Amino acid sequence: MAIMLGSLGQNLIYLVDTSFIGRVSEYDLGGSAIGGIFYFLLFMIGYALNTGMQVIVARRKGEGNDAAIGE
């Protein structure tokens, strides 16, 4: 659910950017589109790393190996 809402928010940002920057020039609009995709890529990489880290920490906590959580 959170991923769907995050994607919806990102699409709204793209829509607003396109409406404002599209009035300036085509080159600026293209640069904004590439920058938005790059930003979304970095956000999703961070989100995936966060999810993976939570899985590892939960597994170590479930095993009772609290000392290994910080490693």
# chains A, B, ... in the order shown; residues from 1 in each chain; ligands from 1

call {"tool": "select_by_dssp", "arguments": {"residues": "chain A", "states": "alpha helix (DSSP H)", "output": "JSON, numbers by chain"}}
result
{"A": [2, 3, 4, 5, 6, 7, 8, 9, 10, 11, 12, 13, 14, 15, 16, 17, 18, 19, 20, 21, 26, 27, 28, 29, 30, 31, 32, 33, 34, 35, 36, 37, 38, 39, 40, 41, 42, 43, 44, 45, 46, 47, 48, 49, 50, 51, 52, 53, 54, 55, 56, 57, 58, 59, 60, 61, 62, 63]}

call {"tool": "residues_around", "arguments": {"residues": "Val57 of chain A", "least_positions_apart": "4", "cutoff": "10 Å", "atoms": "only C-alpha atoms", "output": "ChimeraX atom specification"}}
result
/A:52-53,61-63,65-66,68-71

call {"tool": "write_last_selection", "arguments": {"atoms": "N, CA and C atoms", "output": "CSV table (one decimal), in the first residue's frame"}}
result
chain,number,residue,atom,x,y,z
A,52,GLY,N,15.4,-4.4,3.2
A,52,GLY,CA,16.4,-5.5,3.5
A,52,GLY,C,17.0,-5.5,4.8
A,53,MET,N,17.3,-4.3,5.3
A,53,MET,CA,17.9,-4.1,6.6
A,53,MET,C,16.9,-4.5,7.7
A,61,LYS,N,17.1,-10.6,15.7
A,61,LYS,CA,16.4,-10.5,16.9
A,61,LYS,C,15.6,-11.7,17.2
A,62,GLY,N,15.0,-12.3,16.2
A,62,GLY,CA,14.2,-13.6,16.4
A,62,GLY,C,15.1,-14.7,16.9
A,63,GLU,N,16.3,-14.7,16.4
A,63,GLU,CA,17.2,-15.8,16.8
A,63,GLU,C,17.8,-15.6,18.2
A,65,ASN,N,20.0,-13.3,18.9
A,65,ASN,CA,21.4,-12.9,18.7
A,65,ASN,C,21.5,-11.4,18.6
A,66,ASP,N,21.2,-10.7,19.8
A,66,ASP,CA,21.2,-9.3,19.8
A,66,ASP,C,22.5,-8.7,19.5
A,68,ALA,N,24.7,-9.5,17.3
A,68,ALA,CA,25.0,-9.4,15.9
A,68,ALA,C,24.2,-8.4,15.1
A,69,ILE,N,23.2,-7.7,15.8
A,69,ILE,CA,22.4,-6.8,15.1
A,69,ILE,C,23.2,-5.6,14.6
A,70,GLY,N,24.1,-5.1,15.4
A,70,GLY,CA,24.9,-3.9,15.0
A,70,GLY,C,26.0,-4.2,14.0
A,71,GLU,N,26.2,-5.4,13.7
A,71,GLU,CA,27.3,-5.7,12.7
A,71,GLU,C,26.9,-5.5,11.3

call {"tool": "residues_around", "arguments": {"residues": "Gln10 of chain A", "least_positions_apart": "4", "cutoff": "10 Å", "atoms": "only C-alpha atoms", "output": "list of chain:residue names"}}
result
A:Met4, A:Leu5, A:Gly6, A:Tyr14, A:Leu15, A:Gly36, A:Ile37, A:Tyr39, A:Phe40
